[in-house]
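In what follows, a structure is listed as structure tokens, so that the remarks can point back to it.
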Amino acid sequence: MTWLLACTSPDVLDSDPTDSPVAESPAESPADSTRDSQAEECDTAVPQVSEPSAAELCALTGEPTVLASDSFTRDASWDLGETEVGGHAYVEVNEPGSGYVTLTGDALSIHYFGGGSSVPDQWVDVGRTAVADVVVDARMRTYSEYYAGLFGLSYRLPTQNGHWRSAGYHVLLESGVLTLYAGQAALGSVELGDDHDWHDWRIVANGDAHCVYVDEALVLSARDATWERPGYVGAGAYYSIGYVDDLVVSEHPEPLSALLPGFDLGASGPVETLELEASVGVYEVAVTAESGTVDLPNGAEVDLAADGSSDWRLLQTAHTLRVLQDGVEVSSQAIEGQVGTVSLEGGTLTDIGLRELDADAVYPAGGVDQTGRFPVVLYSVSEAQLSQGGALGGNLVQIYDRGESYADYARAASEEGLPVLGNLGSYYVDDADPQANSVESEVRADIEALAGEAGWWSYPEELRFWRDNEVTELSNLYDWTRDASPKPTFMYQANHYTADALAESVPYLDVVGKGSYVGYAGQPRAWVRHQLESTVEGIELAGRTVGPDWQAGERTPVLIAGLFPENPETAADLHHDVWSGVVSGARGVALFSYAYAYQVDSLDGLDGFVQAVAELESGIGDAVLYGDAVEVSFDILAGATDTVEFTPYGLEPMTYACLNVAGWDHAGVRTVVAVSSCDEPLSASISGLVGVDAHVVSEDRALCVDEGVLLDDFEALEVHIYQTEAP
């Protein structure tokens with residue numbers, strides 16, 4: 001890891017004035033004078049390296065490669081046809097010819113009630129063009145003072161639905177204010193005014209740099225790495241009316257996003273033949289080539305003949321082979337997945353990579369030597385939202401269904417590289433007469449139908465240990481599952497369970513989680529810590545230990561965070577909840593539910609969950625799962641000291657110290673996470689660091705470390721993640 005930030009005081013480091021605004025330093029506290037003197041005494045011999053600004057990374061030093069362009073000088077029509085350069089057909093949110101997106105004869109019109117009724121979120125994809133490091137040029141204008149809804153361009157969208165609240169980046173004008181969004185999070189805004197005249201827009205995204213130019217002037221720039229992957233480009237009008245003309249989509253001439261991020265195997269430099277062993281039938285191949293062929297395990301042969309060098313991606317699931325050339329899908333065919341060798345032959349091939357999209361590769365994979373991704377479970381993800389859920393960091397998804405329709409859903413998820421929670425059992429918990437137990441033959445049939453797509457097996461929710469019929473259901477499902485499939489078992493358990501109650505079901509569940517719904521339960525945020533600590537306690541009361549080897553009886557505790565429209569949560573709330581759960585022992589996180597998250601009152605909370613997941617997926621999740629725990633501690637120097645008193649179900653009133661901290665050494669990095677569960681500011685010393693300075697993740701600052709200790713301030717519910725080189 002390269003350490004770019006030198007030891008400084010805890011205030012935010014100086015940033016390029018063209019970048020998006022950063023938060024002001026924490027309010028002055030009684031600990032400030034101590035902290036400042038600490039910073040002055042630090043060894044500052046580590047040279048400070050100035051990172052390039054977003055504007056510098058966006059700068060074009062050569063001509064970008066045009067992928068698609070259109071002047072829209074065609075007869076007025078509802079039929080958009082194809083782009084003049086690239087020949088790509090347009091993709092609309094609505095059926096083509098609906099009237100919401102039309103040609104005027106010299107421009108493209110996007111009109112939220114152009115089809116005869118008022119429908120928001122009108123969007124058109126520029127010919128299925130998908131690119132990461134992109135330059136988008138367009139002339140644009142809004143229509144009327146009255147229509148002040150959002151209007152603009154989007155890029156790196158993982159799906160073509162075009163909803164402005166979806167994953168990806170959006171540059172949108174609303175009542176004269178231009179805002180750059182990463183999903184739902186605003187990266188920066190600027191007041192431009194809106195004269196409804198034509199103006200030239202240019203959007204440049206390169207690596208984590210994002211820049212917006214209007215009439216050749218840079219008006220917004222920011223650094224954000226939430227989505228550094230190819231995605232769709234398009235224009236949209238959201239309860240608004242606007243026009244687009246002279247639209248050009250190009251690739252940046254000096255792209256920073258790696259072609260093969262996260263690939264398991266790979267090679268660079270010119271080669272003529274390379275064979276890569278695919279151990280599963282779900283994988284992705286990426287290659288840059290002027291010509292050549294790819295032979296796949298199922299016998300399919302893909303010809304890479306191209307007019308010049310192209311970036312090719314081949315994604316094979318158990319059911320479909322998709323071939324994309326320069327980000328545009330050129331073929332899709334139904335196949336049967338097989339295990340074997342991927343062979344690349346002929347021509348000149350460079351930047352080759354193979355990535356296994358193994359539906360089982362989510363922790364706990366079973367066995368101490370088997371690894372998997374940090375679990376992020378998203379409840380109630382519709383089939384249309386699958387790619388979006390994956391882009392937000394989800395790696396296990398589900399809907400409340402079973403049988404043949406659920407098998408179809410699981411196949412669709414598999415095509416996005418997402419395993420599902422394999423729903424098993426027909427039992428439904430009810431306080432009325434006991435339901436009939438599930439039938440073994442039906443359960444085994446479901447296991448067989450979902451064997452290739454399930455990551456974990458999920459049992460009917462909240463089976464109760466004090467009811468014999470439900471214990472029988474749980475025991476039967478566990479026996480049948482364990483006999484038929486080498487995958488972990490899971491069941492959602494209710495918020496009110498004590499550790500004693502939870503222990504009753506631990507023998508049947510390899511993954512143990514219960515709801516930590518703060519607003520729903522009417523509890524303070526410290527409730528999350530209690531829920532996770534009691535989950536770990538329940539595992540221990542059942543005679544088990546925390547770990548990944550469920551085949552040897554170890555168990556994995558998981559946080560299930562709640563997001564309900566009737567109990568709105570802020571981004572700070574959910575960001576706190578995820579990290580509070582992890583610091584308190586969670587080895588996976590879940591969100592109930594993704595469907596609720598996109599209701600208007602829940603949108604803010606989703607931002608916090610997504611931010612925490614992105615931080616976990618930056619490598620910190622691997623440290624939590626596979627790193628060595630280190631001893632860390634804290635002292636609160638000023639401000640709030642204890643959480644408000646709360647009463648868990650069946651227990652006495654209790655409080656915690658405001659802070660909770662944990663640390664891990666992994667891959668040469670020491671990570672220490674400190675979480676405040678108090679609603680008042682505080683200042684604290686954190687012990688257990690090494691070296692002379694610590695980078696603060698996601699905050700663009702560094703803090704001095706003196707004999708293993710640093711000083712920092714915490715706002716309400718704030719989380720700080722510190723990283724140093726491990727000893």
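Going by the structure tokens order, chains are called A, B, ..., each with residues numbered from 1, while ligands are numbered from 1 in the order shown.
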Residue set, stretch 20-255 of chain A restricted to strand (DSSP E), as a ChimeraX atom specification: /A:65-70,91-92,101-103,108-111,122-131,134-142,150-157,169-174,177-182,185-191,199-206,209-214,217-223,231-238,241-251
Every residue of stretch 460-522 of chain A that DSSP places in helix (DSSP H, G or I), as a PyMOL selection string: chain A and resi 468-484+499-503+506-508+518-521
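You can rank A:Ala612, A:Val131, A:Val91, A:Ala138 by their closest distance to A:Asn206 using only C-alpha atoms, and at the top of that list sits A:Val131.
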Nearest-residue call for A:Ala494, choices A:Tyr649, A:Leu418, A:Asp246, A:Phe609, using only C-alpha atoms: A:Tyr649
Atomic distance atom CA of A:Gly581 - atom CA of A:Tyr492, expressed in Å with one decimal: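 Going from atom CA of A:Gly581 over to atom CA of A:Tyr492 covers 16.1 Å.
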Determine, using only C-alpha atoms, which residues of stretch 643-670 of chain A have any atom at most 12 Å from an atom of stretch 703-715 of chain A, and tabulate each with its shortest atom pair and distance in Å to one decimal place, rows ordered by chain and then rising number, as a tab-separated table.
residue	atom	partner	partner_atom	distance
A:Cys658	CA	A:Phe714	CA	10.1
A:Leu659	CA	A:Phe714	CA	9.4
A:Arg670	CA	A:Gly708	CA	11.7
The selected residues should be written to file as a PDB file, in the first residue's frame (atoms: N, CA and C atoms).
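So the final result, stored in again12.pdb, reads:
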ATOM      1  N   CYS A 658     -19.538   5.525  25.091  1.00  0.00           N
ATOM      2  CA  CYS A 658     -19.887   6.068  23.775  1.00  0.00           C
ATOM      3  C   CYS A 658     -19.121   5.400  22.646  1.00  0.00           C
ATOM      4  N   LEU A 659     -17.845   5.103  22.888  1.00  0.00           N
ATOM      5  CA  LEU A 659     -16.998   4.552  21.831  1.00  0.00           C
ATOM      6  C   LEU A 659     -16.901   3.035  21.924  1.00  0.00           C
ATOM      7  N   ARG A 670      -2.457  -2.232   9.275  1.00  0.00           N
ATOM      8  CA  ARG A 670      -3.238  -2.275  10.509  1.00  0.00           C
ATOM      9  C   ARG A 670      -4.436  -1.340  10.347  1.00  0.00           C
TER      10      ARG A 670
END
